[in-house]
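To be precise, the following lines are protein24.txt, and they hold compact mmCIF, C-alpha atoms and all ligand atoms.
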```
# COMPACT_ATOMS: atom_id res chain seq x y z
CA MET N 17 0.00 0.00 0.00
CA ALA N 18 1.47 3.31 -1.02
CA ASP N 19 0.55 5.15 2.17
CA GLN N 20 2.08 2.70 4.61
CA ILE N 21 4.89 3.88 6.85
CA ARG N 22 7.93 1.77 6.07
CA VAL N 23 9.86 0.86 9.21
CA LEU N 24 13.30 -0.69 9.65
CA ILE N 25 14.01 -2.22 13.07
CA VAL N 26 17.59 -2.11 14.36
CA ASP N 27 18.47 -3.91 17.58
CA ASP N 28 21.19 -6.40 18.42
CA ILE N 29 18.84 -8.58 20.52
CA PRO N 30 16.80 -10.92 18.29
CA GLU N 31 13.91 -11.17 20.78
CA THR N 32 13.53 -7.37 20.83
CA ARG N 33 13.45 -7.24 17.03
CA ASP N 34 10.79 -9.98 16.92
CA HIS N 35 8.76 -8.33 19.64
CA LEU N 36 8.78 -4.94 17.91
CA ALA N 37 7.92 -6.53 14.57
CA LYS N 38 4.95 -8.33 16.16
CA LEU N 39 3.69 -5.14 17.80
CA LEU N 40 3.86 -3.23 14.55
CA GLY N 41 2.31 -6.15 12.64
CA PHE N 42 -1.05 -5.18 14.13
CA GLU N 43 -1.00 -1.70 12.60
CA SER N 44 -2.52 -1.46 9.16
CA ASP N 45 -0.68 1.76 8.26
CA ILE N 46 2.77 0.51 9.29
CA GLU N 47 4.89 -2.01 7.44
CA VAL N 48 8.09 -3.53 8.80
CA VAL N 49 10.36 -3.60 5.76
CA GLY N 50 13.48 -5.00 7.41
CA ALA N 51 15.43 -5.76 10.54
CA ALA N 52 19.12 -5.31 11.30
CA ALA N 53 21.31 -6.47 14.19
CA SER N 54 23.95 -3.73 14.19
CA GLY N 55 24.69 -0.18 13.05
CA SER N 56 26.55 -1.29 9.95
CA ASP N 57 23.80 -3.80 9.05
CA ALA N 58 21.33 -0.95 9.47
CA LEU N 59 23.18 1.27 6.98
CA GLU N 60 23.28 -1.50 4.44
CA SER N 61 19.61 -2.42 4.85
CA ALA N 62 18.45 1.20 4.83
CA GLU N 63 20.12 1.79 1.47
CA LYS N 64 18.30 -1.23 0.09
CA VAL N 65 14.84 -0.87 1.60
CA ARG N 66 14.68 2.96 1.91
CA PRO N 67 12.56 3.05 5.07
CA ASP N 68 10.61 6.10 6.21
CA ILE N 69 11.42 5.37 9.84
CA VAL N 70 14.34 3.58 11.48
CA LEU N 71 13.79 2.30 15.02
CA MET N 72 17.37 2.40 16.26
CA ASP N 73 18.73 0.84 19.43
CA ILE N 74 21.44 3.03 20.94
CA ASN N 75 23.80 0.41 22.37
CA MET N 76 24.96 -2.15 19.89
CA PRO N 77 28.26 -3.92 19.26
CA ASP N 78 30.34 -2.89 16.22
CA MET N 79 28.66 0.42 15.38
CA ASP N 80 26.39 2.07 17.93
CA GLY N 81 23.07 3.70 17.16
CA ILE N 82 24.40 7.26 17.37
CA THR N 83 27.15 6.70 14.81
CA ALA N 84 24.74 4.81 12.57
CA THR N 85 22.26 7.70 12.78
CA GLU N 86 24.94 10.23 11.81
CA ARG N 87 25.96 8.15 8.79
CA LEU N 88 22.39 7.48 7.81
CA SER N 89 21.65 11.19 7.54
CA ALA N 90 24.25 11.30 4.75
CA THR N 91 23.39 8.08 2.96
CA VAL N 92 19.60 7.88 3.32
CA PRO N 93 18.53 11.37 4.40
CA THR N 94 14.87 10.59 3.86
CA ALA N 95 14.89 8.00 6.69
CA ALA N 96 13.92 9.46 10.07
CA VAL N 97 15.45 7.83 13.13
CA ILE N 98 13.64 7.09 16.37
CA MET N 99 16.23 6.21 18.98
CA MET N 100 15.51 3.53 21.57
CA SER N 101 17.47 3.21 24.79
CA VAL N 102 17.21 1.83 28.29
CA GLN N 103 19.11 4.91 29.44
CA GLY N 104 17.03 8.05 29.46
CA GLU N 105 19.81 10.43 30.52
CA ALA N 106 19.92 13.89 29.05
CA ASP N 107 23.36 13.26 27.55
CA TYR N 108 22.11 10.31 25.49
CA LEU N 109 19.14 12.30 24.38
CA ARG N 110 21.29 15.29 23.38
CA ARG N 111 23.81 13.17 21.47
CA SER N 112 21.03 11.35 19.66
CA MET N 113 19.37 14.57 18.59
CA LEU N 114 22.70 16.03 17.49
CA ALA N 115 23.28 12.92 15.39
CA GLY N 116 19.98 13.60 13.67
CA ALA N 117 17.46 11.42 15.54
CA ARG N 118 13.92 12.82 15.51
CA GLU N 119 12.57 11.08 18.60
CA PHE N 120 13.82 9.28 21.67
CA LEU N 121 11.97 6.38 23.31
CA VAL N 122 13.06 5.03 26.68
CA LYS N 123 12.69 1.25 27.02
CA PRO N 124 10.38 -0.27 28.04
CA PHE N 125 7.73 1.67 26.14
CA SER N 126 4.15 0.76 25.41
CA SER N 127 2.82 -0.24 22.05
CA ASP N 128 0.81 3.00 21.95
CA GLU N 129 3.88 5.13 22.65
CA LEU N 130 5.74 3.34 19.89
CA THR N 131 3.08 3.63 17.21
CA SER N 132 2.15 7.22 17.98
CA SER N 133 5.85 8.24 17.87
CA ILE N 134 6.23 6.54 14.50
CA ARG N 135 3.16 8.29 13.10
CA GLN N 136 4.13 11.68 14.48
CA VAL N 137 7.70 11.55 13.21
CA PHE N 138 6.53 10.33 9.83
CA GLN N 139 3.99 13.11 9.47
CA ARG N 140 6.41 15.81 10.59
CA ASP N 141 9.06 14.59 8.19
CA ARG N 142 6.67 14.25 5.33
CA ALA N 143 5.51 17.83 5.82
CA LYS N 144 9.13 18.96 5.91
CA LEU N 145 10.10 17.01 2.81
CA GLY N 146 7.03 18.38 1.08
CA ARG N 147 8.40 21.85 1.63
CA PHE N 148 11.80 20.93 0.23
CA VAL N 149 10.91 18.68 -2.65
CA LEU N 150 7.81 19.36 -4.65
CA ASP N 151 7.23 16.99 -7.51
CA SER N 152 7.97 19.33 -10.33
CA ALA N 153 8.66 22.58 -8.61
CA VAL N 154 11.31 23.76 -6.25
CA ALA N 155 11.05 24.74 -2.65
CA VAL N 156 13.67 26.72 -0.85
CA PRO N 157 14.42 26.48 2.82
CA ALA N 158 13.06 29.53 4.59
CA GLY N 159 15.64 32.27 4.82
CA ALA N 160 17.85 30.88 2.04
CA ASN N 161 18.84 33.10 -0.87
CA GLU N 162 16.47 33.42 -3.77
CA PRO N 163 17.04 30.41 -6.04
CA GLY N 164 18.53 31.02 -9.46
CA ARG N 165 16.63 31.16 -12.69
CA ILE N 166 16.51 28.10 -14.95
CA VAL N 167 16.51 28.88 -18.65
CA ALA N 168 16.01 25.95 -21.00
CA VAL N 169 17.25 26.42 -24.54
CA PHE N 170 15.02 24.09 -26.48
CA SER N 171 13.74 23.43 -29.97
CA PRO N 172 11.49 20.72 -31.31
CA LYS N 173 13.89 20.30 -34.21
CA GLY N 174 17.64 19.60 -34.25
CA GLY N 175 20.37 21.72 -35.78
CA VAL N 176 18.70 25.10 -35.35
CA GLY N 177 21.37 26.60 -33.08
CA ARG N 178 20.46 25.59 -29.52
CA THR N 179 24.02 24.86 -28.44
CA THR N 180 25.35 27.97 -30.16
CA VAL N 181 22.80 30.14 -28.40
CA ALA N 182 23.06 28.38 -25.01
CA VAL N 183 26.86 28.68 -24.88
CA ASN N 184 27.03 32.31 -25.96
CA LEU N 185 24.09 33.30 -23.80
CA ALA N 186 25.82 31.79 -20.77
CA VAL N 187 29.06 33.63 -21.52
CA ALA N 188 27.27 36.92 -22.22
CA ALA N 189 25.28 36.70 -18.99
CA ALA N 190 28.40 35.94 -16.95
CA GLN N 191 30.51 38.65 -18.54
CA ASP N 192 28.05 41.47 -18.91
CA THR N 193 25.65 41.06 -16.06
CA GLY N 194 28.06 39.65 -13.50
CA CYS N 195 25.74 36.71 -12.90
CA HIS N 196 27.01 33.47 -11.47
CA VAL N 197 26.21 31.16 -14.39
CA VAL N 198 26.26 27.42 -14.94
CA LEU N 199 25.61 25.78 -18.29
CA VAL N 200 24.22 22.23 -18.33
CA ASP N 201 24.60 20.12 -21.45
CA ALA N 202 21.37 18.11 -21.41
CA SER N 203 21.90 16.79 -24.90
CA PHE N 204 22.96 13.61 -23.21
CA GLN N 205 23.67 11.48 -26.26
CA PHE N 206 25.56 13.90 -28.46
CA GLY N 207 26.38 16.90 -26.34
CA ASP N 208 28.41 19.58 -28.10
CA VAL N 209 28.92 22.12 -25.35
CA GLY N 210 32.39 20.78 -24.51
CA VAL N 211 33.48 21.18 -28.14
CA LEU N 212 32.21 24.75 -28.45
CA LEU N 213 34.10 25.65 -25.27
CA ASN N 214 37.16 23.58 -26.13
CA LEU N 215 36.95 21.66 -22.87
CA ASN N 216 38.87 18.47 -22.36
CA PRO N 217 36.54 15.51 -23.07
CA LYS N 218 38.22 13.67 -20.20
CA ASN N 219 36.60 16.09 -17.79
CA LYS N 220 33.97 14.80 -15.41
CA SER N 221 30.42 14.80 -16.76
CA ILE N 222 26.88 14.57 -15.47
CA ALA N 223 27.11 10.77 -15.86
CA ASP N 224 29.61 10.70 -12.98
CA LEU N 225 26.82 11.84 -10.69
CA ALA N 226 24.65 8.81 -11.47
CA PRO N 227 26.10 6.45 -8.80
CA GLU N 228 25.58 8.87 -5.95
CA LEU N 229 22.14 9.85 -7.16
CA GLU N 230 21.23 6.19 -7.12
CA ALA N 231 22.74 5.65 -3.68
CA THR N 232 21.49 8.69 -1.81
CA GLY N 233 19.08 10.41 -4.15
CA GLU N 234 21.15 13.61 -3.87
CA PRO N 235 23.96 14.98 -6.08
CA GLU N 236 26.15 15.64 -3.07
CA SER N 237 29.47 16.12 -4.85
CA LEU N 238 27.99 18.19 -7.66
CA ASP N 239 30.60 20.91 -7.24
CA THR N 240 33.41 18.56 -8.16
CA PHE N 241 31.77 17.81 -11.50
CA VAL N 242 31.14 21.37 -12.61
CA VAL N 243 34.03 22.31 -14.90
CA ARG N 244 35.30 25.92 -14.90
CA HIS N 245 35.61 27.69 -18.21
CA SER N 246 37.96 30.65 -18.66
CA SER N 247 34.99 32.97 -19.39
CA GLY N 248 33.87 32.50 -15.79
CA ILE N 249 30.99 30.10 -16.35
CA GLY N 250 30.64 26.66 -14.78
CA VAL N 251 29.82 23.77 -17.11
CA LEU N 252 28.21 20.43 -16.39
CA LEU N 253 29.13 18.36 -19.41
CA ALA N 254 27.10 15.66 -21.15
CA PRO N 255 28.33 12.06 -20.84
CA PRO N 256 31.34 11.24 -23.03
CA SER N 257 29.51 8.51 -24.96
CA PRO N 258 25.89 8.11 -26.12
CA GLU N 259 25.14 4.86 -24.30
CA MET N 260 25.76 6.59 -20.97
CA ALA N 261 22.81 8.90 -21.58
CA GLU N 262 20.39 6.49 -19.98
CA LEU N 263 22.25 6.75 -16.65
CA ILE N 264 20.51 10.09 -16.14
CA THR N 265 16.93 9.69 -15.00
CA PRO N 266 14.34 12.49 -15.03
CA ALA N 267 14.24 12.43 -11.22
CA GLY N 268 18.04 12.60 -10.99
CA LEU N 269 18.16 15.48 -13.42
CA LYS N 270 15.57 17.40 -11.41
CA ARG N 271 17.70 16.97 -8.28
CA ILE N 272 20.72 18.24 -10.12
CA LEU N 273 18.91 21.31 -11.40
CA GLU N 274 17.44 22.00 -7.99
CA ALA N 275 20.89 21.83 -6.44
CA LEU N 276 22.39 24.04 -9.15
CA ARG N 277 19.77 26.75 -8.87
CA LEU N 278 20.57 27.07 -5.18
CA LYS N 279 24.19 27.87 -6.05
CA TYR N 280 23.95 29.83 -9.29
CA ASP N 281 21.98 32.88 -10.34
CA LEU N 282 21.38 31.46 -13.75
CA VAL N 283 21.20 27.82 -14.86
CA ILE N 284 21.16 27.55 -18.65
CA VAL N 285 20.25 24.13 -20.03
CA ASP N 286 21.10 23.13 -23.58
CA CYS N 287 18.28 20.63 -24.22
CA SER N 288 18.08 17.90 -26.81
CA ALA N 289 15.45 18.13 -29.53
CA VAL N 290 13.96 14.82 -28.42
CA PHE N 291 10.77 15.23 -26.48
CA ASN N 292 10.80 12.62 -23.72
CA ASP N 293 10.47 12.38 -19.92
CA THR N 294 13.96 13.74 -19.38
CA SER N 295 13.55 16.81 -21.55
CA LEU N 296 10.10 17.29 -20.07
CA ALA N 297 11.65 17.31 -16.60
CA VAL N 298 13.85 20.24 -17.67
CA LEU N 299 11.01 22.09 -19.37
CA ASP N 300 8.78 21.66 -16.32
CA MET N 301 11.40 23.08 -14.02
CA ALA N 302 12.48 25.90 -16.28
CA ASP N 303 11.38 29.45 -15.49
CA THR N 304 11.87 30.35 -19.12
CA ILE N 305 11.97 28.13 -22.18
CA LEU N 306 13.78 29.79 -25.06
CA THR N 307 12.39 27.87 -27.99
CA LEU N 308 14.45 28.24 -31.12
CA LEU N 309 13.17 28.15 -34.66
CA THR N 310 14.56 29.00 -38.05
CA LEU N 311 12.86 30.12 -41.24
CA GLU N 312 12.39 26.60 -42.51
CA ILE N 313 9.10 24.88 -43.03
CA THR N 314 10.03 21.82 -40.90
CA SER N 315 11.13 24.00 -38.01
CA ILE N 316 7.90 25.98 -38.19
CA LYS N 317 5.73 22.84 -38.34
CA ASN N 318 7.43 21.36 -35.26
CA MET N 319 7.16 24.65 -33.43
CA ARG N 320 3.42 24.71 -33.97
CA LEU N 321 3.14 21.20 -32.55
CA PHE N 322 5.32 22.08 -29.59
CA LEU N 323 3.29 25.15 -28.75
CA GLU N 324 0.17 23.01 -28.65
CA VAL N 325 1.85 20.59 -26.28
CA ALA N 326 3.17 23.43 -24.11
CA ASP N 327 -0.36 24.69 -23.85
CA GLN N 328 -1.67 21.26 -22.84
CA LEU N 329 1.07 21.00 -20.26
CA GLY N 330 -0.27 24.16 -18.70
CA TYR N 331 2.82 26.30 -19.34
CA GLU N 332 2.13 30.01 -19.12
CA PRO N 333 2.53 31.61 -22.56
CA SER N 334 5.17 33.94 -21.09
CA LYS N 335 7.25 30.96 -19.96
CA VAL N 336 7.75 29.88 -23.57
CA GLN N 337 9.62 32.52 -25.56
CA LEU N 338 10.28 32.19 -29.25
CA VAL N 339 13.73 32.92 -30.58
CA LEU N 340 14.14 33.14 -34.32
CA ASN N 341 17.70 32.14 -35.16
CA ARG N 342 19.34 33.06 -38.45
CA ALA N 343 16.49 35.51 -38.75
CA ASP N 344 17.75 37.17 -41.93
CA SER N 345 18.33 34.06 -44.05
CA ALA N 346 14.76 34.01 -45.29
CA LEU N 347 14.98 32.14 -48.59
CA GLY N 348 11.32 32.52 -49.34
CA ILE N 349 9.70 32.49 -45.91
CA ARG N 350 8.88 35.81 -44.27
CA LEU N 351 8.70 36.45 -40.54
CA ALA N 352 5.07 37.54 -40.88
CA ASP N 353 4.19 34.18 -42.48
CA VAL N 354 5.86 32.34 -39.62
CA GLU N 355 4.01 34.33 -37.00
CA HIS N 356 0.75 33.82 -38.81
CA SER N 357 1.38 30.09 -39.08
CA ILE N 358 2.23 29.53 -35.41
CA GLY N 359 -0.28 32.02 -34.16
CA ARG N 360 2.09 34.10 -32.08
CA LYS N 361 4.80 36.71 -32.28
CA VAL N 362 8.47 35.87 -32.23
CA ASP N 363 9.99 37.34 -29.04
CA HIS N 364 13.68 37.58 -29.96
CA SER N 365 15.77 37.38 -33.13
CA ILE N 366 19.38 36.49 -33.82
CA VAL N 367 20.98 37.23 -37.16
CA SER N 368 22.70 34.68 -39.31
CA ASP N 369 26.46 35.10 -39.31
CA GLY N 370 28.12 31.98 -40.63
CA ARG N 371 31.58 33.54 -40.60
CA SER N 372 31.65 34.48 -36.92
CA VAL N 373 29.65 31.50 -35.70
CA VAL N 374 31.36 28.68 -37.55
CA TYR N 375 34.84 30.18 -37.14
CA ALA N 376 34.24 30.44 -33.39
CA LEU N 377 32.86 26.92 -33.26
CA ASN N 378 35.88 25.44 -34.99
CA ARG N 379 38.28 27.28 -32.69
CA GLY N 380 36.36 26.37 -29.55
CA VAL N 381 36.01 30.02 -28.53
CA PRO N 382 32.49 31.43 -28.16
CA PHE N 383 31.92 34.25 -30.67
CA PHE N 384 30.70 36.44 -27.85
CA LEU N 385 34.31 36.43 -26.60
CA SER N 386 36.20 36.57 -29.89
CA ASN N 387 33.92 38.86 -31.89
CA ARG N 388 32.09 40.97 -29.40
CA GLU N 389 31.23 43.72 -31.87
CA ALA N 390 29.48 41.46 -34.38
CA GLN N 391 25.72 41.84 -34.73
CA VAL N 392 25.23 38.22 -33.72
CA SER N 393 26.99 38.95 -30.39
CA GLN N 394 24.87 42.04 -29.87
CA ASP N 395 21.73 39.99 -30.49
CA ILE N 396 22.86 37.45 -27.91
CA LEU N 397 23.53 40.23 -25.40
CA ARG N 398 20.08 41.65 -25.99
CA LEU N 399 18.61 38.20 -25.42
CA ALA N 400 20.59 37.80 -22.18
CA THR N 401 19.42 41.16 -20.92
CA ALA N 402 15.81 40.45 -21.85
CA VAL N 403 15.82 37.07 -20.14
CA LEU N 404 17.53 38.29 -17.00
CA GLY N 405 15.77 41.59 -16.83
CA GLN N 406 12.35 40.03 -16.60
CA GLU N 407 10.33 40.54 -13.52
CA VAL N 408 10.92 37.34 -11.58
CA ALA N 409 7.73 36.81 -9.66
CA ARG N 410 9.06 33.54 -8.45
CA ALA N 411 6.95 32.60 -5.47
CA PRO N 412 3.55 32.68 -7.17
CA GLU N 413 5.12 31.09 -10.22
CA ARG N 414 6.36 28.18 -8.14
CA ALA N 415 3.03 27.75 -6.45
CA THR N 416 1.20 27.42 -9.76
CA ARG N 417 3.78 25.20 -11.44
CA ASP N 418 2.20 22.29 -13.24
CA ASP N 419 1.29 19.46 -10.88
CA ARG N 420 -0.77 17.17 -13.00
CA LYS N 421 -0.39 13.45 -12.44
CA PRO N 422 2.04 11.29 -14.45
CA ALA N 423 -0.74 9.31 -16.12
CA GLN N 424 -2.33 12.50 -17.38
CA ARG N 425 0.99 13.75 -18.70
CA LYS N 426 1.81 10.52 -20.51
CA SER N 427 -1.16 10.94 -22.78
CA LEU N 428 0.35 14.20 -23.95
CA PHE N 429 2.97 12.26 -25.86
CA ALA N 430 0.26 11.01 -28.17
CA TRP N 431 1.04 13.89 -30.51
CA ARG N 432 4.31 12.32 -31.59
N1 LIG A 501 23.07 32.61 -35.94
C1 LIG A 501 23.77 31.75 -36.66
N2 LIG A 501 24.40 32.12 -37.78
C2 LIG A 501 25.08 31.23 -38.52
N3 LIG A 501 25.22 29.94 -38.22
C3 LIG A 501 24.62 29.50 -37.13
C4 LIG A 501 23.86 30.36 -36.26
N4 LIG A 501 23.40 29.63 -35.23
C5 LIG A 501 23.83 28.38 -35.43
N5 LIG A 501 24.55 28.28 -36.55
C6 LIG A 501 25.18 27.09 -37.09
O1 LIG A 501 24.18 26.08 -37.22
C7 LIG A 501 24.71 24.81 -36.94
C8 LIG A 501 23.89 24.16 -35.85
O2 LIG A 501 24.08 24.88 -34.65
P1 LIG A 501 24.04 24.16 -33.23
O3 LIG A 501 24.96 23.01 -33.18
O4 LIG A 501 24.21 25.22 -32.23
O5 LIG A 501 22.52 23.65 -33.27
P2 LIG A 501 21.79 22.63 -32.29
O6 LIG A 501 20.35 22.98 -32.35
O7 LIG A 501 22.43 22.62 -31.00
O8 LIG A 501 22.04 21.26 -33.07
P3 LIG A 501 21.97 19.75 -32.52
O9 LIG A 501 20.58 19.29 -32.87
O10 LIG A 501 23.03 19.05 -33.30
O11 LIG A 501 22.21 19.77 -31.05
C9 LIG A 501 26.16 25.02 -36.54
O12 LIG A 501 26.97 24.77 -37.64
C10 LIG A 501 26.22 26.48 -36.16
O13 LIG A 501 27.49 27.02 -36.37
MG MG A 502 23.27 21.03 -29.88
```
Would you write out, as structure tokens, the structure that this file holds?
Amino acid sequence: MADQIRVLIVDDIPETRDHLAKLLGFESDIEVVGAAASGSDALESAEKVRPDIVLMDINMPDMDGITATERLSATVPTAAVIMMSVQGEADYLRRSMLAGAREFLVKPFSSDELTSSIRQVFQRDRAKLGRFVLDSAVAVPAGANEPGRIVAVFSPKGGVGRTTVAVNLAVAAAQDTGCHVVLVDASFQFGDVGVLLNLNPKNKSIADLAPELEATGEPESLDTFVVRHSSGIGVLLAPPSPEMAELITPAGLKRILEALRLKYDLVIVDCSAVFNDTSLAVLDMADTILTLLTLEITSIKNMRLFLEVADQLGYEPSKVQLVLNRADSALGIRLADVEHSIGRKVDHSIVSDGRSVVYALNRGVPFFLSNREAQVSQDILRLATAVLGQEVARAPERATRDDRKPAQRKSLFAWR
């Protein structure tokens, strides 16, 4: 049953473990998901069974309950510990609480005391987690700095200039607005960000975060995987080979973006053109989706489809901004025709400048750095200023972020 409270019992005395399991066996809302005889056993089991509550004896051979609780808060932070001890001294209580225990029960305790403590701790923790982790939105601990803005650079068609725009936008924002910027290459199969910035492919990538996301659910060593570029931006590279793309789950990616936005003013994500659960995770979380199109009939057709989907997903029209790239290379299609066809105005334009763009690409130096005066650089700067200068009414935005259920969202893929 989904709503059951999952409990792990940790005590070195087998009779105590059996007794506790029997007591809890009578409760329909509590499920005993495991038992462990020592602190180290407890850590191992908790990683496997992911309990909501750990009933932890304090005195055990090998690793005591206090040490196990401390370690558990790093490895399985979602498990709340209720400490059990025959000693009720203040020092034990204090040390347990410092280690991260949520409750302290002095043995012997009644069945009622036990079950009501479990329910109380579970409810308190659930409420707290709810404030930190909303399904598709972000919550910030009270008093923390305002979280950064997530800007997804997306297009429903490949090859229209997403990476070019994402890279130069990141550099422009860092250099001209003094923002603390990180660029995430979410084109997990064939990411090009490293090439455009001439970064060593042997650098760490987002794939290196997969093991710890799987183990603890949190990208704890994220900082070590963000590569510094000489322009001042941080970069989280795509995996070095396509088959590693599947290591990154939508949930893991959300955690990464949440963690990044707490450290950076601006998180720019170079998305892939594929529309799947992973790209949807980015689009959901983004404050702004810069959606690129070019003056080509296929690009326009896909844009129309994407705008319909964005509407069904409940995205505010202002969240999705249209960027016309290579705006002056018309070859038969006029801007007015495009706007008529997709039923909305283009918000930003970037000129076509093959010389500057391709030369920069092949040298691995963003054109915003090497050819600052070019019109294409000026267009990028204008885009950066427009995106960053927007009124960021974040709190209400977060509260109304899409929260429809997965089943409902799945059906939205029917358009493909
Ligand atoms: N404004 C521009 N002027 C001239 N060339 C451009 C412009 N923007 C992008 N290009 C060129 O278009 C090509 C595709 O650009 P880019 O790799 O940035 O697109 P993408 O959407 O990221 O593609 P992919 O689907 O491969 O990820 C590149 O050769 C790039 O140099
Ligand atoms: Mg690209």
With only C-alpha atoms counted, which protein, DNA or RNA residues have an atom no more than 12 Å from (27.9, 41.3, -28.1) in the file frame? Please answer as a short mmCIF file (atom, residue, chain, number, x, y, z; two decimals) with C-alpha atoms, in the coordinates of the input.
```
data_model
loop_
_atom_site.label_atom_id
_atom_site.label_comp_id
_atom_site.auth_asym_id
_atom_site.auth_seq_id
_atom_site.Cartn_x
_atom_site.Cartn_y
_atom_site.Cartn_z
CA ASN N 184 27.03 32.31 -25.96
CA LEU N 185 24.09 33.30 -23.80
CA VAL N 187 29.06 33.63 -21.52
CA ALA N 188 27.27 36.92 -22.22
CA ALA N 189 25.28 36.70 -18.99
CA GLN N 191 30.51 38.65 -18.54
CA ASP N 192 28.05 41.47 -18.91
CA ILE N 366 19.38 36.49 -33.82
CA SER N 372 31.65 34.48 -36.92
CA PRO N 382 32.49 31.43 -28.16
CA PHE N 383 31.92 34.25 -30.67
CA PHE N 384 30.70 36.44 -27.85
CA LEU N 385 34.31 36.43 -26.60
CA SER N 386 36.20 36.57 -29.89
CA ASN N 387 33.92 38.86 -31.89
CA ARG N 388 32.09 40.97 -29.40
CA GLU N 389 31.23 43.72 -31.87
CA ALA N 390 29.48 41.46 -34.38
CA GLN N 391 25.72 41.84 -34.73
CA VAL N 392 25.23 38.22 -33.72
CA SER N 393 26.99 38.95 -30.39
CA GLN N 394 24.87 42.04 -29.87
CA ASP N 395 21.73 39.99 -30.49
CA ILE N 396 22.86 37.45 -27.91
CA LEU N 397 23.53 40.23 -25.40
CA ARG N 398 20.08 41.65 -25.99
CA LEU N 399 18.61 38.20 -25.42
CA ALA N 400 20.59 37.80 -22.18
CA THR N 401 19.42 41.16 -20.92
#
```
Hey, which residues sit close to ligand LIG 501 (chain A)? Say within 6 Å, counting all atoms listed in the file, and write them as an NGL selection string. :N and (174-180 or 341-342 or 366-370 or 373-374)
Hey, which residues come within 12 Å of ligand MG 502 (chain A) if we count all atoms listed in the file? Could you give them as a PyMOL selection string? chain N and resi 169-183+200-212+254+285-290+308+377
Can you write out as CSV which residues of range 231-323 of chain N fall within 10 Å of range 93-102 of chain N, alongside each residue's closest atom pair and its distance in Å to one decimal, counting only C-alpha atoms and ordering rows by chain and ascending residue number?
```
residue,atom,partner,partner_atom,distance
N:Thr232,CA,N:Pro93,CA,7.4
N:Gly233,CA,N:Pro93,CA,8.6
N:Glu234,CA,N:Pro93,CA,9.0
```
So, counting all atoms listed in the file, which residue among N:Leu40, N:Leu323, N:Leu109, N:Met79 is closest to Ser127 in chain N?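 Answer, going by the shortest atom-to-atom distance: N:Leu40.
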Would you mind telling me which residue in N:Ala267, N:Ala37, N:Leu404, N:Leu130 lies nearest to Ser295 in chain N when using only C-alpha atoms?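 Using only C-alpha atoms, the shortest distance to Ser295 in chain N belongs to N:Ala267.
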For a cutoff of 7 Å around the file-coordinate point (9.2, 2.1, 3.6), which residues qualify once you count all atoms listed in the file? I'd like the result as JSON, numbers by chain. {"N": [21, 22, 23, 49, 65, 66, 67, 68]}
Pick from N:Pro77, N:Gly330, N:Gly50, N:Gly164 nearest to Ile29 in chain N, counting only C-alpha atoms: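 The shortest atom-to-atom distance to Ile29 in chain N comes from N:Pro77.
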Residues near Ser132 in chain N, anyone? I mean within 12 Å using all atoms listed in the file, not counting same-chain ones fewer than 6 positions away, as an NGL selection string. :N and (21 or 40 or 43 or 45-46 or 98 or 119 or 121 or 125-126 or 138-139)
Would you write out those residues with C-alpha atoms, as an mmCIF file, in the frame of the given file?
```
data_model
loop_
_atom_site.group_PDB
_atom_site.id
_atom_site.type_symbol
_atom_site.label_atom_id
_atom_site.label_comp_id
_atom_site.auth_asym_id
_atom_site.auth_seq_id
_atom_site.Cartn_x
_atom_site.Cartn_y
_atom_site.Cartn_z
ATOM 1 C CA ILE N 21 4.890 3.880 6.850
ATOM 2 C CA LEU N 40 3.860 -3.230 14.550
ATOM 3 C CA GLU N 43 -1.000 -1.700 12.600
ATOM 4 C CA ASP N 45 -0.680 1.760 8.260
ATOM 5 C CA ILE N 46 2.770 0.510 9.290
ATOM 6 C CA ILE N 98 13.640 7.090 16.370
ATOM 7 C CA GLU N 119 12.570 11.080 18.600
ATOM 8 C CA LEU N 121 11.970 6.380 23.310
ATOM 9 C CA PHE N 125 7.730 1.670 26.140
ATOM 10 C CA SER N 126 4.150 0.760 25.410
ATOM 11 C CA PHE N 138 6.530 10.330 9.830
ATOM 12 C CA GLN N 139 3.990 13.110 9.470
#
```
Tell me, in Å to one decimal, how far CA of Val92 in chain N is from CA of Gly55 in chain N.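 The value is 13.6 Å.
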Hey, can you check how far CA of Arg271 in chain N sits from CA of Leu229 in chain N? 8.5 Å
Can you list, as number ranges by chain, every protein, DNA or RNA residue that comes within 12 Å of His245 in chain N when you count only C-alpha atoms, leaving out same-chain residues fewer than 4 positions away? N: 183, 186-187, 190, 197-199, 209-210, 212-216, 219, 249-253, 380-382
Å distance separating CA of Asp353 in chain N from CA of Leu311 in chain N, one decimal place: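 Taking CA of Asp353 in chain N and CA of Leu311 in chain N, their separation equals 9.7 Å.
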Looking at only C-alpha atoms, which of N:Ser334, N:Ser246, N:Asn292, N:Ser44 is the one that sits closest to Thr265 in chain N?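 Ranking N:Ser334, N:Ser246, N:Asn292, N:Ser44 by distance to Thr265 in chain N, first place goes to N:Asn292.
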Using only C-alpha atoms, find the one residue out of N:Ala52, N:Leu306, N:Leu36, N:Val242 that sits nearest to Pro124 in chain N. N:Leu36
Could you tell me which of N:Ala168, N:Ala117, N:Leu225, N:Ala58 comes closest to Leu282 in chain N if we count all atoms listed in the file?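 Ranked by minimum distance to Leu282 in chain N, first place goes to N:Ala168.
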